[in-house]
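Okay, run-v6.cif now, which holds mmCIF, C-alpha atoms:
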```cif
data_input
#
loop_
_atom_site.group_PDB
_atom_site.id
_atom_site.type_symbol
_atom_site.label_atom_id
_atom_site.label_comp_id
_atom_site.auth_asym_id
_atom_site.auth_seq_id
_atom_site.Cartn_x
_atom_site.Cartn_y
_atom_site.Cartn_z
ATOM 1 C CA MET Q 1 -172.327 -178.475 8.269
ATOM 2 C CA PRO Q 2 -168.837 -177.974 9.704
ATOM 3 C CA THR Q 3 -166.744 -181.150 9.902
ATOM 4 C CA LEU Q 4 -164.329 -182.292 12.607
ATOM 5 C CA ASP Q 5 -161.505 -181.220 10.358
ATOM 6 C CA ASP Q 6 -163.014 -177.752 10.201
ATOM 7 C CA ASP Q 7 -163.203 -177.707 13.998
ATOM 8 C CA GLU Q 8 -159.532 -178.590 14.302
ATOM 9 C CA ARG Q 9 -158.515 -175.953 11.791
ATOM 10 C CA PHE Q 10 -160.635 -173.382 13.580
ATOM 11 C CA GLU Q 11 -159.134 -174.399 16.929
ATOM 12 C CA SER Q 12 -155.615 -174.014 15.573
ATOM 13 C CA TYR Q 13 -156.600 -170.604 14.168
ATOM 14 C CA LEU Q 14 -157.872 -169.590 17.617
ATOM 15 C CA ARG Q 15 -154.657 -170.803 19.265
ATOM 16 C CA GLN Q 16 -152.664 -168.397 17.118
ATOM 17 C CA PHE Q 17 -154.082 -165.684 19.355
ATOM 18 C CA ARG Q 18 -151.826 -165.880 22.393
ATOM 19 C CA PRO Q 19 -153.262 -164.772 25.745
ATOM 20 C CA LEU Q 20 -151.472 -161.736 27.156
ATOM 21 C CA VAL Q 21 -148.712 -162.513 29.612
ATOM 22 C CA PRO Q 22 -149.450 -161.414 33.192
ATOM 23 C CA GLU Q 23 -147.238 -159.073 35.160
ATOM 24 C CA ALA Q 24 -144.274 -160.609 36.930
ATOM 25 C CA LEU Q 25 -145.032 -162.343 40.187
ATOM 26 C CA PRO Q 26 -143.919 -160.201 43.150
ATOM 27 C CA ILE Q 27 -142.077 -162.944 44.997
ATOM 28 C CA PRO Q 28 -140.780 -161.939 48.422
ATOM 29 C CA ARG Q 29 -137.210 -163.263 48.483
ATOM 30 C CA ARG Q 30 -136.312 -165.289 51.544
ATOM 31 C CA PRO Q 31 -133.173 -164.220 53.403
ATOM 32 C CA ARG Q 32 -130.291 -166.583 52.799
ATOM 33 C CA SER Q 33 -130.121 -169.386 55.285
ATOM 34 C CA VAL Q 34 -128.178 -168.910 58.515
ATOM 35 C CA THR Q 35 -125.783 -171.699 57.548
ATOM 36 C CA TRP Q 36 -124.720 -169.799 54.459
ATOM 37 C CA ILE Q 37 -124.191 -166.613 56.441
ATOM 38 C CA TRP Q 38 -121.973 -168.451 58.938
ATOM 39 C CA ALA Q 39 -120.069 -170.164 56.164
ATOM 40 C CA ALA Q 40 -119.459 -166.818 54.441
ATOM 41 C CA ALA Q 41 -118.296 -165.228 57.697
ATOM 42 C CA PHE Q 42 -115.942 -168.145 58.394
ATOM 43 C CA ALA Q 43 -114.499 -167.937 54.893
ATOM 44 C CA ALA Q 44 -113.954 -164.182 55.293
ATOM 45 C CA VAL Q 45 -112.114 -164.706 58.595
ATOM 46 C CA VAL Q 46 -109.897 -167.405 57.060
ATOM 47 C CA ILE Q 47 -109.065 -165.230 54.059
ATOM 48 C CA LEU Q 48 -108.246 -162.242 56.256
ATOM 49 C CA GLY Q 49 -106.074 -164.426 58.492
ATOM 50 C CA VAL Q 50 -104.124 -165.830 55.557
ATOM 51 C CA LEU Q 51 -103.640 -162.375 54.065
ATOM 52 C CA GLY Q 52 -102.485 -161.005 57.434
ATOM 53 C CA LEU Q 53 -99.957 -163.816 57.874
ATOM 54 C CA ARG Q 54 -98.616 -163.318 54.389
ATOM 55 C CA MET Q 55 -98.212 -159.589 54.959
ATOM 56 C CA VAL Q 56 -96.373 -160.133 58.237
ATOM 57 C CA SER Q 57 -94.019 -162.741 56.758
ATOM 58 C CA HIS Q 58 -93.405 -160.544 53.723
ATOM 59 C CA ARG Q 59 -92.519 -157.585 55.928
ATOM 60 C CA THR Q 60 -90.196 -159.689 58.080
ATOM 61 C CA GLY Q 61 -88.475 -161.040 55.013
ATOM 62 C CA ARG Q 62 -87.929 -157.572 53.688
ATOM 63 C CA GLN Q 63 -86.525 -156.353 56.987
ATOM 64 C CA GLY Q 64 -84.017 -159.169 56.997
ATOM 65 C CA THR Q 65 -82.629 -158.218 53.633
ATOM 66 C CA THR Q 66 -82.587 -154.462 53.991
ATOM 67 C CA PRO Q 67 -79.020 -153.411 53.241
ATOM 68 C CA ALA Q 68 -79.326 -149.935 54.710
ATOM 69 C CA SER Q 69 -79.574 -150.999 58.310
ATOM 70 C CA VAL Q 70 -78.439 -153.715 60.671
ATOM 71 C CA GLU Q 71 -80.140 -154.911 63.757
ATOM 72 C CA VAL Q 72 -78.175 -154.006 66.814
ATOM 73 C CA VAL Q 73 -78.961 -154.867 70.339
ATOM 74 C CA GLN Q 74 -78.200 -152.573 73.152
ATOM 75 C CA PRO Q 75 -79.196 -152.204 76.754
ATOM 76 C CA THR Q 76 -82.046 -149.987 77.734
ATOM 77 C CA ARG Q 77 -79.534 -147.499 79.020
ATOM 78 C CA PRO Q 78 -76.508 -146.750 76.853
ATOM 79 C CA LEU Q 79 -73.578 -148.880 78.001
ATOM 80 C CA THR Q 80 -70.924 -146.401 78.880
ATOM 81 C CA MET Q 81 -67.953 -146.873 81.166
ATOM 82 C CA ARG Q 82 -69.657 -144.722 83.723
ATOM 83 C CA ASN Q 83 -72.814 -146.783 83.664
ATOM 84 C CA ALA Q 84 -70.837 -150.006 83.809
ATOM 85 C CA ASN Q 85 -68.867 -148.743 86.842
ATOM 86 C CA ALA Q 86 -72.082 -147.641 88.522
ATOM 87 C CA LEU Q 87 -73.609 -151.066 87.881
ATOM 88 C CA LEU Q 88 -70.568 -152.877 89.250
ATOM 89 C CA ALA Q 89 -70.602 -150.680 92.327
ATOM 90 C CA SER Q 90 -74.285 -151.024 93.073
ATOM 91 C CA ALA Q 91 -74.962 -154.626 92.020
ATOM 92 C CA PRO Q 92 -74.942 -157.315 94.741
ATOM 93 C CA SER Q 93 -72.598 -159.485 92.688
ATOM 94 C CA TYR Q 94 -70.471 -159.319 89.595
ATOM 95 C CA LYS Q 95 -72.802 -161.755 87.767
ATOM 96 C CA ALA Q 96 -75.837 -159.632 88.611
ATOM 97 C CA ALA Q 97 -74.038 -156.560 87.258
ATOM 98 C CA VAL Q 98 -73.251 -158.351 83.985
ATOM 99 C CA ASP Q 99 -76.827 -159.657 83.766
ATOM 100 C CA SER Q 100 -78.172 -156.177 84.095
ATOM 101 C CA MET Q 101 -76.087 -155.238 81.111
ATOM 102 C CA ALA Q 102 -77.982 -157.856 79.099
ATOM 103 C CA PHE Q 103 -78.915 -157.041 75.573
ATOM 104 C CA HIS Q 104 -82.410 -155.828 74.829
ATOM 105 C CA PRO Q 105 -84.076 -155.308 71.483
ATOM 106 C CA GLN Q 106 -83.352 -151.853 70.310
ATOM 107 C CA ASP Q 107 -85.889 -149.385 69.115
ATOM 108 C CA SER Q 108 -83.660 -147.480 66.779
ATOM 109 C CA THR Q 109 -81.532 -148.649 63.918
ATOM 110 C CA ILE Q 110 -77.942 -147.775 63.226
ATOM 111 C CA PRO Q 111 -76.689 -147.149 59.707
ATOM 112 C CA LYS Q 112 -74.686 -149.983 58.265
ATOM 113 C CA ASP Q 113 -71.429 -148.080 58.070
ATOM 114 C CA LYS Q 114 -71.504 -147.359 61.848
ATOM 115 C CA GLN Q 115 -71.262 -149.646 64.842
ATOM 116 C CA SER Q 116 -72.321 -149.316 68.396
ATOM 117 C CA ALA Q 117 -69.847 -149.752 71.189
ATOM 118 C CA LEU Q 118 -71.881 -152.618 72.484
ATOM 119 C CA ALA Q 119 -71.632 -154.409 69.145
ATOM 120 C CA VAL Q 120 -67.838 -154.027 69.253
ATOM 121 C CA LEU Q 121 -67.715 -155.329 72.813
ATOM 122 C CA ALA Q 122 -69.930 -158.237 71.892
ATOM 123 C CA LYS Q 123 -67.403 -159.416 69.336
ATOM 124 C CA GLU Q 124 -64.650 -159.575 71.911
ATOM 125 C CA LYS Q 125 -64.154 -162.795 73.806
ATOM 126 C CA ILE Q 126 -63.970 -161.907 77.413
ATOM 127 C CA LYS Q 127 -62.956 -164.594 79.798
ATOM 128 C CA LEU Q 128 -64.545 -164.196 83.161
ATOM 129 C CA MET L 1 -131.317 -176.071 47.343
ATOM 130 C CA ASP L 2 -133.744 -176.883 50.160
ATOM 131 C CA GLN L 3 -137.390 -177.930 49.888
ATOM 132 C CA ALA L 4 -138.751 -174.398 50.265
ATOM 133 C CA GLU L 5 -136.527 -173.088 47.477
ATOM 134 C CA ARG L 6 -137.589 -175.978 45.237
ATOM 135 C CA ASN L 7 -141.230 -175.087 45.870
ATOM 136 C CA VAL L 8 -140.633 -171.446 44.984
ATOM 137 C CA THR L 9 -138.885 -172.478 41.779
ATOM 138 C CA GLU L 10 -141.684 -174.868 40.863
ATOM 139 C CA ILE L 11 -144.333 -172.216 41.467
ATOM 140 C CA GLU L 12 -142.389 -169.700 39.379
ATOM 141 C CA VAL L 13 -142.191 -172.208 36.531
ATOM 142 C CA LEU L 14 -145.915 -172.888 36.750
ATOM 143 C CA TYR L 15 -146.585 -169.159 36.683
ATOM 144 C CA ARG L 16 -144.517 -168.751 33.542
ATOM 145 C CA GLN L 17 -146.139 -171.765 31.887
ATOM 146 C CA HIS L 18 -149.788 -171.131 32.719
ATOM 147 C CA GLY L 19 -149.920 -167.506 33.850
ATOM 148 C CA ALA L 20 -151.215 -166.187 30.529
ATOM 149 C CA ALA L 21 -154.024 -168.768 30.218
ATOM 150 C CA LEU L 22 -154.921 -168.302 33.888
ATOM 151 C CA LEU L 23 -155.102 -164.550 33.403
ATOM 152 C CA LEU L 24 -157.363 -164.947 30.374
ATOM 153 C CA PHE L 25 -159.555 -167.366 32.298
ATOM 154 C CA ALA L 26 -159.744 -164.998 35.281
ATOM 155 C CA MET L 27 -160.496 -162.036 33.001
ATOM 156 C CA THR L 28 -163.434 -163.780 31.410
ATOM 157 C CA ILE L 29 -164.953 -164.464 34.849
ATOM 158 C CA ALA L 30 -163.915 -161.303 36.694
ATOM 159 C CA GLY L 31 -164.716 -158.936 33.860
ATOM 160 C CA ASP L 32 -161.637 -156.739 33.883
ATOM 161 C CA ARG L 33 -157.943 -157.251 33.609
ATOM 162 C CA SER L 34 -156.712 -155.526 36.756
ATOM 163 C CA ARG L 35 -158.953 -157.552 39.053
ATOM 164 C CA ALA L 36 -157.988 -160.705 37.230
ATOM 165 C CA GLN L 37 -154.309 -159.837 37.616
ATOM 166 C CA ASP L 38 -154.781 -159.225 41.344
ATOM 167 C CA VAL L 39 -156.510 -162.561 41.770
ATOM 168 C CA ILE L 40 -153.732 -164.421 39.949
ATOM 169 C CA HIS L 41 -151.111 -162.802 42.146
ATOM 170 C CA GLN L 42 -153.115 -163.604 45.279
ATOM 171 C CA VAL L 43 -153.407 -167.240 44.284
ATOM 172 C CA PHE L 44 -149.713 -167.648 43.552
ATOM 173 C CA LEU L 45 -148.559 -165.695 46.598
ATOM 174 C CA ARG L 46 -150.783 -167.856 48.790
ATOM 175 C CA LEU L 47 -149.241 -170.937 47.194
ATOM 176 C CA LEU L 48 -145.796 -169.552 47.949
ATOM 177 C CA GLN L 49 -146.710 -168.898 51.583
ATOM 178 C CA ASN L 50 -148.413 -172.225 52.162
ATOM 179 C CA GLY L 51 -145.585 -174.009 50.528
ATOM 180 C CA ASP L 52 -146.404 -176.879 48.493
ATOM 181 C CA LEU L 53 -148.196 -178.164 45.485
ATOM 182 C CA SER L 54 -147.124 -181.760 45.924
ATOM 183 C CA ARG L 55 -150.561 -182.769 47.225
ATOM 184 C CA ALA L 56 -152.184 -181.662 43.951
ATOM 185 C CA ASP L 57 -152.307 -184.582 41.514
ATOM 186 C CA ASP L 58 -153.010 -182.390 38.521
ATOM 187 C CA LYS L 59 -151.207 -179.125 39.144
ATOM 188 C CA LYS L 60 -152.504 -177.286 36.090
ATOM 189 C CA ALA L 61 -156.158 -178.146 36.778
ATOM 190 C CA TYR L 62 -155.592 -177.328 40.448
ATOM 191 C CA LEU L 63 -154.327 -173.858 39.508
ATOM 192 C CA PHE L 64 -157.345 -173.182 37.294
ATOM 193 C CA GLY L 65 -159.579 -174.342 40.154
ATOM 194 C CA CYS L 66 -157.802 -172.008 42.616
ATOM 195 C CA VAL L 67 -158.180 -169.061 40.243
ATOM 196 C CA ARG L 68 -161.856 -169.785 39.636
ATOM 197 C CA ASN L 69 -162.580 -170.025 43.381
ATOM 198 C CA ALA L 70 -160.613 -166.855 44.082
ATOM 199 C CA VAL L 71 -162.491 -164.870 41.428
ATOM 200 C CA LEU L 72 -165.872 -166.161 42.621
ATOM 201 C CA ASN L 73 -164.982 -165.335 46.246
ATOM 202 C CA ASP L 74 -163.877 -161.890 45.173
ATOM 203 C CA GLN L 75 -167.185 -161.356 43.395
ATOM 204 C CA LYS L 76 -169.113 -162.585 46.435
ATOM 205 C CA ILE L 77 -167.248 -160.275 48.799
ATOM 206 C CA GLY L 78 -167.760 -157.309 46.518
ATOM 207 C CA SER L 79 -171.359 -158.376 45.682
ATOM 208 C CA ARG L 80 -170.702 -157.389 42.121
ATOM 209 C CA HIS L 81 -170.633 -158.864 38.704
ATOM 210 C CA THR L 82 -168.600 -156.731 36.341
ATOM 211 C CA PRO L 83 -169.491 -157.024 32.673
ATOM 212 C CA LEU L 84 -166.663 -158.037 30.367
ATOM 213 C CA ASP L 85 -164.360 -155.183 29.498
ATOM 214 C CA ALA L 86 -164.662 -154.889 25.742
ATOM 215 C CA ASP L 87 -161.952 -152.264 25.345
ATOM 216 C CA THR L 88 -158.948 -154.079 26.787
ATOM 217 C CA ALA L 89 -157.030 -156.518 24.619
ATOM 218 C CA TRP L 90 -157.063 -160.130 25.759
ATOM 219 C CA PHE L 91 -154.721 -161.598 23.196
ATOM 220 C CA SER L 92 -151.549 -160.938 21.350
ATOM 221 C CA PRO L 93 -152.768 -161.379 17.755
ATOM 222 C CA PRO L 94 -150.854 -163.201 15.000
ATOM 223 C CA GLU L 95 -149.349 -160.923 12.346
ATOM 224 C CA ARG L 96 -150.632 -157.826 14.147
ATOM 225 C CA ASP L 97 -154.195 -158.762 13.284
ATOM 226 C CA PHE L 98 -155.744 -156.403 15.830
ATOM 227 C CA ALA L 99 -159.118 -156.422 14.078
ATOM 228 C CA GLY L 100 -159.116 -160.209 14.356
ATOM 229 C CA GLU L 101 -158.274 -159.944 18.061
ATOM 230 C CA GLN L 102 -161.156 -157.557 18.645
ATOM 231 C CA ASN L 103 -163.424 -159.826 16.618
ATOM 232 C CA LEU L 104 -162.445 -162.856 18.688
ATOM 233 C CA ARG L 105 -162.861 -160.966 21.955
ATOM 234 C CA ARG L 106 -166.340 -159.828 20.988
ATOM 235 C CA ALA L 107 -167.288 -163.298 19.817
ATOM 236 C CA LEU L 108 -166.133 -164.752 23.137
ATOM 237 C CA GLY L 109 -167.979 -162.031 25.002
ATOM 238 C CA ALA L 110 -171.192 -162.920 23.171
ATOM 239 C CA LEU L 111 -171.051 -166.543 24.387
ATOM 240 C CA PRO L 112 -172.995 -167.673 27.459
ATOM 241 C CA ASP L 113 -170.727 -167.766 30.532
ATOM 242 C CA ASP L 114 -170.624 -171.559 30.851
ATOM 243 C CA GLN L 115 -169.707 -172.031 27.176
ATOM 244 C CA ARG L 116 -167.097 -169.252 27.223
ATOM 245 C CA VAL L 117 -165.384 -170.756 30.252
ATOM 246 C CA VAL L 118 -165.223 -174.201 28.654
ATOM 247 C CA ALA L 119 -163.909 -172.778 25.378
ATOM 248 C CA ILE L 120 -161.153 -170.864 27.126
ATOM 249 C CA LEU L 121 -160.171 -173.775 29.351
ATOM 250 C CA HIS L 122 -159.951 -176.144 26.378
ATOM 251 C CA VAL L 123 -158.387 -173.930 23.693
ATOM 252 C CA TRP L 124 -155.994 -171.763 25.718
ATOM 253 C CA GLY L 125 -155.826 -173.620 29.031
ATOM 254 C CA GLU L 126 -155.291 -176.882 27.126
ATOM 255 C CA LEU L 127 -157.338 -178.838 29.645
ATOM 256 C CA THR L 128 -159.120 -182.015 28.615
ATOM 257 C CA PHE L 129 -162.897 -182.285 28.888
ATOM 258 C CA SER L 130 -162.406 -184.626 31.822
ATOM 259 C CA GLN L 131 -160.288 -182.008 33.633
ATOM 260 C CA ILE L 132 -162.786 -179.284 32.769
ATOM 261 C CA GLY L 133 -165.641 -181.451 34.028
ATOM 262 C CA SER L 134 -163.885 -182.005 37.370
ATOM 263 C CA LEU L 135 -163.092 -178.346 37.658
ATOM 264 C CA LEU L 136 -166.613 -177.119 36.963
ATOM 265 C CA GLY L 137 -168.410 -179.980 38.659
ATOM 266 C CA VAL L 138 -170.040 -181.309 35.492
ATOM 267 C CA SER L 139 -169.528 -184.461 33.471
ATOM 268 C CA SER L 140 -166.919 -184.568 30.753
ATOM 269 C CA ASN L 141 -169.732 -185.080 28.207
ATOM 270 C CA THR L 142 -171.415 -181.898 29.344
ATOM 271 C CA ALA L 143 -168.106 -180.054 29.070
ATOM 272 C CA ALA L 144 -167.563 -181.413 25.559
ATOM 273 C CA SER L 145 -171.104 -180.507 24.549
ATOM 274 C CA ARG L 146 -170.703 -176.946 25.827
ATOM 275 C CA TYR L 147 -167.472 -176.714 23.930
ATOM 276 C CA ARG L 148 -169.042 -177.803 20.646
ATOM 277 C CA TYR L 149 -171.766 -175.192 21.025
ATOM 278 C CA ALA L 150 -169.199 -172.550 21.921
ATOM 279 C CA LEU L 151 -166.984 -173.375 18.961
ATOM 280 C CA GLY L 152 -169.937 -173.286 16.553
ATOM 281 C CA LYS L 153 -171.078 -169.930 17.827
ATOM 282 C CA LEU L 154 -167.579 -168.495 17.775
ATOM 283 C CA ARG L 155 -167.056 -169.536 14.194
ATOM 284 C CA GLU L 156 -170.438 -168.231 13.182
ATOM 285 C CA THR L 157 -169.934 -164.864 14.898
ATOM 286 C CA MET L 158 -166.391 -164.411 13.631
ATOM 287 C CA LEU L 159 -167.146 -165.431 10.064
ATOM 288 C CA SER L 160 -170.256 -163.269 9.859
ATOM 289 C CA LYS L 161 -168.275 -160.354 11.250
ATOM 290 C CA GLU L 162 -165.505 -160.906 8.716
ATOM 291 C CA LYS L 163 -168.071 -161.231 5.943
ATOM 292 C CA PHE L 164 -169.728 -158.031 7.120
ATOM 293 C CA CYS L 165 -166.394 -156.223 7.147
ATOM 294 C CA ALA L 166 -165.520 -157.549 3.689
ATOM 295 C CA ASP L 167 -168.938 -156.530 2.325
ATOM 296 C CA SER L 168 -168.801 -153.065 3.831
ATOM 297 C CA GLY L 169 -165.256 -152.614 2.442
ATOM 298 C CA ARG L 170 -166.503 -152.936 -1.151
#
```
Would you kindly transcribe this structure into structure tokens?
Amino acid sequence: MPTLDDDERFESYLRQFRPLVPEALPIPRRPRSVTWIWAAAFAAVVILGVLGLRMVSHRTGRQGTTPASVEVVQPTRPLTMRNANALLASAPSYKAAVDSMAFHPQDSTIPKDKQSALAVLAKEKIKL
Amino acid sequence: MDQAERNVTEIEVLYRQHGAALLLFAMTIAGDRSRAQDVIHQVFLRLLQNGDLSRADDKKAYLFGCVRNAVLNDQKIGSRHTPLDADTAWFSPPERDFAGEQNLRRALGALPDDQRVVAILHVWGELTFSQIGSLLGVSSNTAASRYRYALGKLRETMLSKEKFCADSGR
């Protein structure tokens, strides 16, 4: 006659046989929530903005310290004596003629060892 | 982590914890492993779709109940009762005792259905007789009684088989 102790020992013997593990559950993954997508997009925009600003400021800083060139302003048309005379002749007033000779940002750069005529004139103090 | 993600995680944990016992249980009712595997996946995928297990007081017993219902429905729809597949392993045996595994499988297969189910639920499903009684719609005493019969027959079959093997080895 088997005892309770025998039953327990037999049970523990049976439990040594482990049932086979089933195949992995094919869980359909939910797409990430819309909030996370927006947050990621916002973060990407901020990062790109910061990087862009840094690049621009870096480039500007480098331009300011470039020894090979100086920034020179000059009118859209080269300021020659002929042009100046033509301006004075055609302008309604002397002030308007001078205004039309106003400096504009230049597109080209001039090597450091050279100067434009306009730059030389700009250094002179002309009393009007 | 939102509620839906928590539910998915909980269901995954339950699958890892009880998947093997549920598969064994389903195999012994369905007859073969592939159908049992399909049923287990169906049950868990339905749980994932419907969301939540929080209404179930006893999650483990609830899962065994779901698997049992799913297998029985599957059998009803197919109007079939597949005999137990004697050639497919059910267990991972200790110390590579494959003969012992086959012996156990055959001994379980020789049990009446109601006793086999109770034995599997108690030994490998680790359900109490009260839980088994609720699951099968019988009293806990009936479940315990079926278990005692099942255990006696298992021991008898396995020991006689071992004795036979030992005798024939001489």
Evaluated on this file, the PyMOL selection byres ((chain L) within 7 of (chain Q)) picks out some residues - which ones are they, written as an mmCIF file with C-alpha atoms, in the coordinates of the input?
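Output contents, as saved in out_14.cif:
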```cif
data_model
loop_
_atom_site.group_PDB
_atom_site.id
_atom_site.type_symbol
_atom_site.label_atom_id
_atom_site.label_comp_id
_atom_site.auth_asym_id
_atom_site.auth_seq_id
_atom_site.Cartn_x
_atom_site.Cartn_y
_atom_site.Cartn_z
ATOM 1 C CA GLY L 19 -149.920 -167.506 33.850
ATOM 2 C CA ALA L 20 -151.215 -166.187 30.529
ATOM 3 C CA ALA L 21 -154.024 -168.768 30.218
ATOM 4 C CA LEU L 23 -155.102 -164.550 33.403
ATOM 5 C CA LEU L 24 -157.363 -164.947 30.374
ATOM 6 C CA GLN L 37 -154.309 -159.837 37.616
ATOM 7 C CA HIS L 41 -151.111 -162.802 42.146
ATOM 8 C CA TRP L 90 -157.063 -160.130 25.759
ATOM 9 C CA PHE L 91 -154.721 -161.598 23.196
ATOM 10 C CA SER L 92 -151.549 -160.938 21.350
ATOM 11 C CA PRO L 93 -152.768 -161.379 17.755
ATOM 12 C CA PRO L 94 -150.854 -163.201 15.000
ATOM 13 C CA VAL L 123 -158.387 -173.930 23.693
ATOM 14 C CA TRP L 124 -155.994 -171.763 25.718
#
```
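With distances taken over all atoms listed in the file, Q:Leu118 is the one residue among Q:Leu118, Q:Ile110, Q:Val45, Q:Val50 lying closest to Thr80 of chain Q.
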Practice task
Go through the shown structure with the PyMOL selection byres ((chain L and resi 62-65) around 12) and write out the matching residues as JSON, numbers by chain.
Solution key: {"L": [11, 14, 15, 17, 18, 19, 20, 21, 22, 23, 24, 25, 26, 29, 39, 40, 41, 42, 43, 44, 46, 47, 53, 54, 55, 56, 57, 58, 59, 60, 61, 66, 67, 68, 69, 70, 71, 72, 117, 118, 120, 121, 122, 124, 125, 126, 127, 131, 132, 133, 134, 135, 136, 137]}
Fill in the blank from the handout: Nearest to Ala119 of chain Q, restricted to only C-alpha atoms and choosing among Q:Pro78, Q:Phe42, Q:Ala86, Q:Leu53, comes out as Q:Pro78
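Atom pair atom CA of Met27 of chain L / atom CA of Arg105 of chain L: separated by 11.3 Å.
Considering the residues L:Leu45, L:Ala143, L:Leu154, L:Leu84 and counting only C-alpha atoms, Leu104 of chain L has its shortest atom-to-atom contact with L:Leu154.
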Problem - Computed interatomic separation between atom CA of Arg146 of chain L and atom CA of Gln115 of chain L (Å) - result: 5.2 Å
Exercise for the section: Quick one: residues within 12 Å of (-173.0, -176.3, 22.3) (file frame), counting all atoms listed in the file, please, as an MDAnalysis selection string. Expected result: chainID L and resid 111:112 114:116 118:119 141:154
Go ahead and write the residues just picked, C-alpha atoms, as a short mmCIF file (atom, residue, chain, number, x, y, z; two decimals), keeping the file's coordinate frame.
```cif
data_model
loop_
_atom_site.label_atom_id
_atom_site.label_comp_id
_atom_site.auth_asym_id
_atom_site.auth_seq_id
_atom_site.Cartn_x
_atom_site.Cartn_y
_atom_site.Cartn_z
CA LEU L 111 -171.05 -166.54 24.39
CA PRO L 112 -173.00 -167.67 27.46
CA ASP L 114 -170.62 -171.56 30.85
CA GLN L 115 -169.71 -172.03 27.18
CA ARG L 116 -167.10 -169.25 27.22
CA VAL L 118 -165.22 -174.20 28.65
CA ALA L 119 -163.91 -172.78 25.38
CA ASN L 141 -169.73 -185.08 28.21
CA THR L 142 -171.42 -181.90 29.34
CA ALA L 143 -168.11 -180.05 29.07
CA ALA L 144 -167.56 -181.41 25.56
CA SER L 145 -171.10 -180.51 24.55
CA ARG L 146 -170.70 -176.95 25.83
CA TYR L 147 -167.47 -176.71 23.93
CA ARG L 148 -169.04 -177.80 20.65
CA TYR L 149 -171.77 -175.19 21.02
CA ALA L 150 -169.20 -172.55 21.92
CA LEU L 151 -166.98 -173.38 18.96
CA GLY L 152 -169.94 -173.29 16.55
CA LYS L 153 -171.08 -169.93 17.83
CA LEU L 154 -167.58 -168.50 17.77
#
```
Enclose all atoms of segment 20-31 of chain L listed in the file in an axis-aligned box, grow every side by 8 Å, and hand back centre and edge lengths in Å to one decimal, as lines of an AutoDock Vina configuration file.
```
center_x = -158.1
center_y = -163.9
center_z = 33.5
size_x = 29.7
size_y = 25.8
size_z = 22.5
```
Practice task
Please write as an MDAnalysis selection string the full residue list that the PyMOL selection byres ((chain Q and resi 116) around 10) yields on this file.
Solution key: chainID Q and resid 72:74 78:79 110:111 114:115 117:122
Practice task
Could you please determine the separation between atom CA of Asn103 of chain L and atom CA of Ala30 of chain L in Å, to one decimal place?
Solution key: 20.1 Å
Could I get segment 41-53 of chain L from the block written out with N, CA and C atoms, as a short mmCIF file (atom, residue, chain, number, x, y, z; two decimals), in the first residue's frame?
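Done, and the output landed in result_28.cif:
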```cif
data_model
loop_
_atom_site.label_atom_id
_atom_site.label_comp_id
_atom_site.auth_asym_id
_atom_site.auth_seq_id
_atom_site.Cartn_x
_atom_site.Cartn_y
_atom_site.Cartn_z
N HIS L 41 -2.02 29.86 -28.84
CA HIS L 41 -1.79 31.17 -29.47
C HIS L 41 -3.11 31.93 -29.63
N GLN L 42 -4.14 31.22 -30.06
CA GLN L 42 -5.46 31.88 -30.23
C GLN L 42 -5.91 32.51 -28.91
N VAL L 43 -5.79 31.72 -27.86
CA VAL L 43 -6.26 32.20 -26.55
C VAL L 43 -5.49 33.46 -26.14
N PHE L 44 -4.19 33.43 -26.28
CA PHE L 44 -3.39 34.57 -25.82
C PHE L 44 -3.56 35.78 -26.75
N LEU L 45 -3.69 35.53 -28.05
CA LEU L 45 -3.89 36.66 -28.96
C LEU L 45 -5.25 37.31 -28.72
N ARG L 46 -6.24 36.48 -28.40
CA ARG L 46 -7.56 37.06 -28.08
C ARG L 46 -7.46 37.90 -26.80
N LEU L 47 -6.71 37.40 -25.85
CA LEU L 47 -6.53 38.17 -24.60
C LEU L 47 -5.84 39.51 -24.90
N LEU L 48 -4.88 39.47 -25.80
CA LEU L 48 -4.17 40.70 -26.15
C LEU L 48 -5.11 41.70 -26.84
N GLN L 49 -5.98 41.16 -27.71
CA GLN L 49 -6.91 42.05 -28.43
C GLN L 49 -7.95 42.64 -27.48
N ASN L 50 -8.50 41.76 -26.64
CA ASN L 50 -9.59 42.21 -25.76
C ASN L 50 -9.06 43.04 -24.60
N GLY L 51 -7.79 42.93 -24.36
CA GLY L 51 -7.21 43.83 -23.40
C GLY L 51 -6.92 43.24 -22.07
N ASP L 52 -7.90 42.90 -21.28
CA ASP L 52 -7.45 42.90 -19.92
C ASP L 52 -7.86 41.69 -19.12
N LEU L 53 -6.99 41.35 -18.23
CA LEU L 53 -7.19 40.16 -17.40
C LEU L 53 -7.57 40.56 -15.98
#
```
